[in-house]
Amino acid sequence: MTYTGSMLMVVAPSGAGKSSLVNALLKQDAGIDLSVSCTTRAPRPGEVNGREYNFLSETEFLARKEAGDFLEWAKVHGNYYGTSKSWIESQMKNGRDVILEIDWQGARQVQAIIPQAIWIFILPPSIQALEDRLLHRAQDDEATIQKRVAAAKEELTHVAEADYLVINDDFETALSELNQVVLASRLRKNSQLVRHQKLTQELTQELGAANKQK
Ligand code: 5GP
């Protein structure tokens, strides 16, 4: 399928500020739609079904997985998460840009199916900063915090698989860099050639004429 839109996958360890950055990006850029994942995790206070996630029971999730409803899925911290295939397909058909907030396992699966998908890794300025953020944020007990830190460090071992690294030290700088990755993705040759059909036809004619002269 020729896909003119951009598919952006944002991956980060928890504590890197991924959701804040993605939300700010979505506010600034009306051309991007956020993929709302399905999950078996319980909603957190303030989360709304259909907005942050589609909250499913494990039975529902597994039935949809079996039916092939997910473009990708993964088990993260003991819960299932998955991206709706039909939603992605309709976005692709309409040439809409999409952003997926997923983990490294999901990003790897999507890149295998849709090679033009762009993998952006959001990083903290240092491991110490990440640990500090997780410690300050959590109202949890020590064991849970240590589990989070360990999971965040595990996520970081997949940095080399990403296409772009955005370091979230200063929020505004990181947001601006994220915007620039989006812009660069929209300027990719294949997207531009499909978007600018008339120019593409002219260029094709020029190419044909040049080849004849050889
Ligand atoms: P949380 O439960 O804190 O919102 O998310 C936990 C982790 O699951 C995060 O790393 C998040 O990016 C990831 N995640 C959320 N939705 C999906 C999804 O649809 N697929 C995959 N593979 N990971 C997801």
# chains A, B, ... in the order shown; residues from 1 in each chain; ligands from 1

$ residues_around --residues "Ile145 of chain A" --least-positions-apart "5" --cutoff "12 Å" --atoms "only C-alpha atoms" --output "ChimeraX atom specification"
/A:14-15,130-140,150-152

$ write_last_selection --atoms "N, CA, C and O atoms" --output "compact mmCIF listing (two decimals), in the first residue's frame"
# COMPACT_ATOMS: atom_id res chain seq x y z
N SER A 14 9.57 4.61 31.39
CA SER A 14 8.69 5.49 32.16
C SER A 14 9.57 6.45 32.97
O SER A 14 10.65 6.08 33.43
N GLY A 15 9.14 7.68 33.04
CA GLY A 15 9.93 8.71 33.71
C GLY A 15 10.67 9.61 32.74
O GLY A 15 11.27 10.61 33.13
N LEU A 130 16.67 9.82 35.55
CA LEU A 130 15.51 8.93 35.39
C LEU A 130 15.11 8.33 36.75
O LEU A 130 13.94 8.34 37.13
N GLU A 131 16.13 7.86 37.47
CA GLU A 131 15.85 7.27 38.79
C GLU A 131 15.24 8.31 39.71
O GLU A 131 14.27 8.04 40.42
N ASP A 132 15.79 9.53 39.68
CA ASP A 132 15.25 10.61 40.54
C ASP A 132 13.80 10.89 40.20
O ASP A 132 12.96 11.04 41.08
N ARG A 133 13.50 10.96 38.89
CA ARG A 133 12.12 11.26 38.48
C ARG A 133 11.17 10.17 38.96
O ARG A 133 10.08 10.45 39.44
N LEU A 134 11.59 8.90 38.81
CA LEU A 134 10.72 7.80 39.22
C LEU A 134 10.52 7.80 40.74
O LEU A 134 9.42 7.53 41.23
N LEU A 135 11.58 8.13 41.48
CA LEU A 135 11.48 8.17 42.95
C LEU A 135 10.55 9.28 43.40
O LEU A 135 9.73 9.09 44.29
N HIS A 136 10.68 10.44 42.74
CA HIS A 136 9.86 11.59 43.18
C HIS A 136 8.40 11.43 42.80
O HIS A 136 7.52 11.87 43.50
N ARG A 137 8.18 10.80 41.63
CA ARG A 137 6.83 10.70 41.12
C ARG A 137 6.00 9.68 41.89
O ARG A 137 4.83 9.89 42.18
N ALA A 138 6.66 8.58 42.23
CA ALA A 138 5.89 7.43 42.74
C ALA A 138 5.44 7.62 44.18
O ALA A 138 6.19 8.08 45.02
N GLN A 139 4.19 7.26 44.42
CA GLN A 139 3.71 7.20 45.80
C GLN A 139 3.78 5.75 46.26
O GLN A 139 3.18 5.37 47.25
N ASP A 140 4.52 4.94 45.50
CA ASP A 140 4.54 3.50 45.77
C ASP A 140 5.61 3.12 46.79
O ASP A 140 6.46 3.93 47.15
N ALA A 150 14.04 -0.84 37.28
CA ALA A 150 14.61 -1.97 36.53
C ALA A 150 13.97 -2.06 35.15
O ALA A 150 14.67 -2.27 34.14
N ALA A 151 12.64 -1.87 35.07
CA ALA A 151 11.93 -1.95 33.79
C ALA A 151 12.38 -0.82 32.87
O ALA A 151 12.56 -1.01 31.66
N ALA A 152 12.59 0.36 33.43
CA ALA A 152 13.03 1.51 32.64
C ALA A 152 14.41 1.24 32.05
O ALA A 152 14.68 1.53 30.88

$ residues_near_ligand --ligand "ligand 1" --cutoff "9 Å" --atoms "only C-alpha atoms and all ligand atoms" --output "CSV table (one decimal) with N, CA, C and O atoms, in the first residue's frame"
chain,number,residue,atom,x,y,z
A,10,VAL,N,6.5,6.4,19.3
A,10,VAL,CA,7.3,7.1,20.4
A,10,VAL,C,7.5,6.0,21.5
A,10,VAL,O,6.5,5.6,22.1
A,11,VAL,N,8.7,5.7,21.8
A,11,VAL,CA,9.1,4.7,22.8
A,11,VAL,C,9.9,5.4,23.8
A,11,VAL,O,10.7,6.3,23.5
A,12,ALA,N,9.7,5.1,25.1
A,12,ALA,CA,10.5,5.7,26.2
A,12,ALA,C,10.4,4.9,27.4
A,12,ALA,O,9.4,4.2,27.7
A,13,PRO,N,11.4,4.9,28.3
A,13,PRO,CA,11.2,4.3,29.6
A,13,PRO,C,10.3,5.2,30.4
A,13,PRO,O,10.2,6.4,30.2
A,14,SER,N,9.6,4.6,31.4
A,14,SER,CA,8.7,5.5,32.2
A,14,SER,C,9.6,6.4,33.0
A,14,SER,O,10.7,6.1,33.4
A,18,LYS,N,7.5,11.0,28.2
A,18,LYS,CA,6.9,10.7,26.9
A,18,LYS,C,5.5,11.2,26.7
A,18,LYS,O,5.2,11.9,25.7
A,19,SER,N,4.6,10.9,27.6
A,19,SER,CA,3.2,11.3,27.4
A,19,SER,C,3.1,12.8,27.4
A,19,SER,O,2.3,13.4,26.6
A,35,SER,N,-3.0,7.1,18.2
A,35,SER,CA,-3.6,5.8,18.3
A,35,SER,C,-3.9,5.5,19.7
A,35,SER,O,-3.1,5.5,20.6
A,36,VAL,N,-5.2,5.2,20.0
A,36,VAL,CA,-5.6,4.8,21.3
A,36,VAL,C,-5.5,3.3,21.5
A,36,VAL,O,-6.3,2.6,20.8
A,37,SER,N,-4.6,2.8,22.3
A,37,SER,CA,-4.4,1.4,22.4
A,37,SER,C,-5.5,0.7,23.2
A,37,SER,O,-6.2,1.4,24.0
A,38,CYS,N,-5.5,-0.6,23.1
A,38,CYS,CA,-6.3,-1.4,24.0
A,38,CYS,C,-5.4,-1.9,25.1
A,38,CYS,O,-4.2,-2.2,24.9
A,39,THR,N,-5.9,-2.0,26.3
A,39,THR,CA,-5.1,-2.6,27.4
A,39,THR,C,-6.0,-3.3,28.4
A,39,THR,O,-7.2,-3.0,28.5
A,41,ARG,N,-4.8,-3.3,31.5
A,41,ARG,CA,-4.5,-2.6,32.8
A,41,ARG,C,-5.7,-1.9,33.3
A,41,ARG,O,-6.5,-1.4,32.5
A,42,ALA,N,-5.9,-1.8,34.6
A,42,ALA,CA,-7.0,-1.1,35.2
A,42,ALA,C,-6.8,0.4,34.9
A,42,ALA,O,-5.7,0.9,35.0
A,43,PRO,N,-7.9,1.2,34.7
A,43,PRO,CA,-7.7,2.6,34.5
A,43,PRO,C,-7.1,3.3,35.8
A,43,PRO,O,-7.5,2.9,36.9
A,44,ARG,N,-6.3,4.3,35.5
A,44,ARG,CA,-5.7,5.1,36.7
A,44,ARG,C,-6.7,6.2,36.9
A,44,ARG,O,-7.5,6.6,36.0
A,52,GLU,N,-7.6,7.7,26.9
A,52,GLU,CA,-6.2,7.2,27.1
A,52,GLU,C,-6.0,5.8,26.6
A,52,GLU,O,-5.0,5.5,25.9
A,53,TYR,N,-7.0,5.0,26.9
A,53,TYR,CA,-6.9,3.6,26.4
A,53,TYR,C,-8.4,3.1,26.2
A,53,TYR,O,-9.3,3.7,26.7
A,70,PHE,N,-5.2,-6.9,16.2
A,70,PHE,CA,-4.1,-6.0,16.6
A,70,PHE,C,-2.9,-6.0,15.5
A,70,PHE,O,-2.5,-7.1,15.1
A,71,LEU,N,-2.5,-4.8,15.2
A,71,LEU,CA,-1.3,-4.6,14.4
A,71,LEU,C,-0.1,-5.2,15.1
A,71,LEU,O,0.8,-5.8,14.5
A,72,GLU,N,-0.1,-4.8,16.4
A,72,GLU,CA,1.0,-5.4,17.3
A,72,GLU,C,0.4,-5.5,18.7
A,72,GLU,O,-0.6,-4.8,19.0
A,73,TRP,N,1.0,-6.3,19.5
A,73,TRP,CA,0.6,-6.4,20.9
A,73,TRP,C,1.8,-6.9,21.7
A,73,TRP,O,2.7,-7.4,21.2
A,74,ALA,N,1.7,-6.6,23.0
A,74,ALA,CA,2.8,-7.0,23.9
A,74,ALA,C,2.3,-7.0,25.3
A,74,ALA,O,1.3,-6.4,25.7
A,75,LYS,N,3.0,-7.8,26.1
A,75,LYS,CA,2.7,-7.8,27.6
A,75,LYS,C,3.7,-6.9,28.2
A,75,LYS,O,5.0,-7.2,28.1
A,76,VAL,N,3.3,-5.9,28.9
A,76,VAL,CA,4.2,-5.0,29.6
A,76,VAL,C,3.8,-4.9,31.0
A,76,VAL,O,2.6,-4.6,31.3
A,77,HIS,N,4.7,-5.1,31.9
A,77,HIS,CA,4.5,-5.0,33.4
A,77,HIS,C,3.2,-5.9,33.7
A,77,HIS,O,2.4,-5.5,34.5
A,79,ASN,N,0.6,-6.6,32.0
A,79,ASN,CA,-0.7,-6.3,31.4
A,79,ASN,C,-0.5,-6.4,29.8
A,79,ASN,O,0.6,-6.1,29.3
A,80,TYR,N,-1.6,-6.7,29.1
A,80,TYR,CA,-1.6,-6.7,27.7
A,80,TYR,C,-1.9,-5.3,27.1
A,80,TYR,O,-2.7,-4.6,27.6
A,81,TYR,N,-1.2,-5.0,26.0
A,81,TYR,CA,-1.4,-3.8,25.3
A,81,TYR,C,-1.4,-4.1,23.8
A,81,TYR,O,-0.6,-4.9,23.3
A,82,GLY,N,-2.3,-3.4,23.0
A,82,GLY,CA,-2.3,-3.7,21.6
A,82,GLY,C,-2.8,-2.5,20.8
A,82,GLY,O,-3.6,-1.7,21.3
A,83,THR,N,-2.3,-2.4,19.5
A,83,THR,CA,-2.7,-1.3,18.6
A,83,THR,C,-3.8,-1.9,17.7
A,83,THR,O,-3.5,-2.9,17.0
A,84,SER,N,-4.9,-1.1,17.5
A,84,SER,CA,-6.0,-1.6,16.6
A,84,SER,C,-5.5,-1.5,15.2
A,84,SER,O,-5.1,-0.5,14.7
A,100,LEU,N,2.0,6.5,17.6
A,100,LEU,CA,1.8,5.4,18.5
A,100,LEU,C,2.7,5.5,19.7
A,100,LEU,O,3.9,5.6,19.5
A,101,GLU,N,2.1,5.5,20.9
A,101,GLU,CA,2.9,5.4,22.1
A,101,GLU,C,2.9,4.0,22.5
A,101,GLU,O,2.0,3.5,23.2
A,102,ILE,N,4.0,3.3,22.2
A,102,ILE,CA,4.1,1.9,22.5
A,102,ILE,C,5.5,1.5,23.1
A,102,ILE,O,6.3,2.4,23.2
A,103,ASP,N,5.6,0.3,23.4
A,103,ASP,CA,6.9,-0.1,24.0
A,103,ASP,C,7.8,-0.7,22.9
A,103,ASP,O,7.4,-0.8,21.7
A,104,TRP,N,9.0,-1.0,23.2
A,104,TRP,CA,10.0,-1.5,22.2
A,104,TRP,C,9.5,-2.8,21.5
A,104,TRP,O,9.8,-2.9,20.3
A,105,GLN,N,8.8,-3.6,22.2
A,105,GLN,CA,8.4,-4.9,21.6
A,105,GLN,C,7.4,-4.6,20.4
A,105,GLN,O,7.5,-5.2,19.4
A,106,GLY,N,6.5,-3.6,20.7
A,106,GLY,CA,5.5,-3.2,19.7
A,106,GLY,C,6.2,-2.5,18.5
A,106,GLY,O,5.8,-2.8,17.4
A,107,ALA,N,7.1,-1.6,18.9
A,107,ALA,CA,7.8,-0.9,17.8
A,107,ALA,C,8.5,-1.8,16.8
A,107,ALA,O,8.5,-1.6,15.6
A,108,ARG,N,9.1,-2.8,17.4
A,108,ARG,CA,9.8,-3.8,16.6
A,108,ARG,C,8.9,-4.5,15.7
A,108,ARG,O,9.2,-4.7,14.5
A,109,GLN,N,7.7,-4.9,16.2
A,109,GLN,CA,6.7,-5.6,15.4
A,109,GLN,C,6.2,-4.7,14.2
A,109,GLN,O,6.0,-5.1,13.1
A,152,ALA,N,12.6,0.4,33.4
A,152,ALA,CA,13.0,1.5,32.6
A,152,ALA,C,14.4,1.2,32.0
A,152,ALA,O,14.7,1.5,30.9
A,155,GLU,N,14.2,-1.1,29.1
A,155,GLU,CA,13.7,-0.4,27.9
A,155,GLU,C,14.8,0.3,27.2
A,155,GLU,O,14.9,0.3,26.0

$ atom_distance --atom1 "atom CA of Gly17 of chain A" --atom2 "atom CA of Trp87 of chain A"
25.7 Å

$ closest_atom_pairs --of "segment 5-81 of chain A" --to "segment 176-189 of chain A" --cutoff "10 Å" --atoms "only C-alpha atoms" --output "Markdown table"
| residue | atom | partner | partner_atom | distance |
| --- | --- | --- | --- | --- |
| A:Gly5 | CA | A:Arg186 | CA | 7.3 |
| A:Ser6 | CA | A:Ser185 | CA | 6.2 |
| A:Met7 | CA | A:Ser185 | CA | 8.6 |
| A:Leu8 | CA | A:Val182 | CA | 7.8 |
| A:Val10 | CA | A:Leu178 | CA | 9.8 |
| A:Leu21 | CA | A:Leu178 | CA | 8.2 |
| A:Val22 | CA | A:Leu178 | CA | 8.7 |
| A:Leu25 | CA | A:Asn179 | CA | 7.0 |
| A:Leu26 | CA | A:Asn179 | CA | 9.9 |
| A:Gln28 | CA | A:Asn179 | CA | 8.9 |
| A:Asp29 | CA | A:Asn179 | CA | 8.5 |
| A:Ile32 | CA | A:Val182 | CA | 9.3 |

$ closest_residue --among "A:Val48, A:Ala117, A:Ala24, A:Val159" --to "Val98 of chain A" --atoms "only C-alpha atoms"
A:Ala117

$ select_by_dssp --residues "segment 96-212 of chain A" --states "helix (DSSP H, G or I)" --output "VMD selection string"
chain A and resid 104 to 113 127 to 137 142 to 156 159 to 161 171 to 186 189 to 195 197 to 212

$ select_by_dssp --residues "segment 37-72 of chain A" --states "strand (DSSP E or B)" --output "ChimeraX atom specification"
/A:38-39,49,53-55,70-72

$ write_last_selection --atoms "N, CA, C and O atoms" --output "mmCIF file, in the first residue's frame"
data_model
loop_
_atom_site.group_PDB
_atom_site.id
_atom_site.type_symbol
_atom_site.label_atom_id
_atom_site.label_comp_id
_atom_site.auth_asym_id
_atom_site.auth_seq_id
_atom_site.Cartn_x
_atom_site.Cartn_y
_atom_site.Cartn_z
ATOM 1 N N CYS A 38 -5.494 -0.596 23.115
ATOM 2 C CA CYS A 38 -6.308 -1.413 24.010
ATOM 3 C C CYS A 38 -5.390 -1.931 25.109
ATOM 4 O O CYS A 38 -4.225 -2.236 24.852
ATOM 5 N N THR A 39 -5.914 -2.035 26.314
ATOM 6 C CA THR A 39 -5.115 -2.602 27.399
ATOM 7 C C THR A 39 -5.986 -3.349 28.392
ATOM 8 O O THR A 39 -7.176 -3.045 28.529
ATOM 9 N N ASN A 49 -12.152 5.787 29.526
ATOM 10 C CA ASN A 49 -12.202 4.720 28.525
ATOM 11 C C ASN A 49 -12.404 5.336 27.133
ATOM 12 O O ASN A 49 -13.285 6.171 26.942
ATOM 13 N N TYR A 53 -6.977 4.988 26.853
ATOM 14 C CA TYR A 53 -6.941 3.598 26.383
ATOM 15 C C TYR A 53 -8.361 3.111 26.166
ATOM 16 O O TYR A 53 -9.303 3.670 26.726
ATOM 17 N N ASN A 54 -8.486 2.016 25.417
ATOM 18 C CA ASN A 54 -9.708 1.218 25.457
ATOM 19 C C ASN A 54 -9.424 0.118 26.471
ATOM 20 O O ASN A 54 -8.543 -0.720 26.242
ATOM 21 N N PHE A 55 -10.117 0.183 27.593
ATOM 22 C CA PHE A 55 -9.853 -0.766 28.671
ATOM 23 C C PHE A 55 -10.671 -2.038 28.455
ATOM 24 O O PHE A 55 -11.899 -1.988 28.380
ATOM 25 N N PHE A 70 -5.157 -6.926 16.158
ATOM 26 C CA PHE A 70 -4.067 -6.031 16.562
ATOM 27 C C PHE A 70 -2.931 -6.008 15.540
ATOM 28 O O PHE A 70 -2.483 -7.054 15.067
ATOM 29 N N LEU A 71 -2.499 -4.793 15.217
ATOM 30 C CA LEU A 71 -1.324 -4.634 14.361
ATOM 31 C C LEU A 71 -0.103 -5.151 15.099
ATOM 32 O O LEU A 71 0.792 -5.781 14.528
ATOM 33 N N GLU A 72 -0.054 -4.849 16.389
ATOM 34 C CA GLU A 72 0.996 -5.359 17.266
ATOM 35 C C GLU A 72 0.404 -5.468 18.653
ATOM 36 O O GLU A 72 -0.568 -4.794 18.967
#
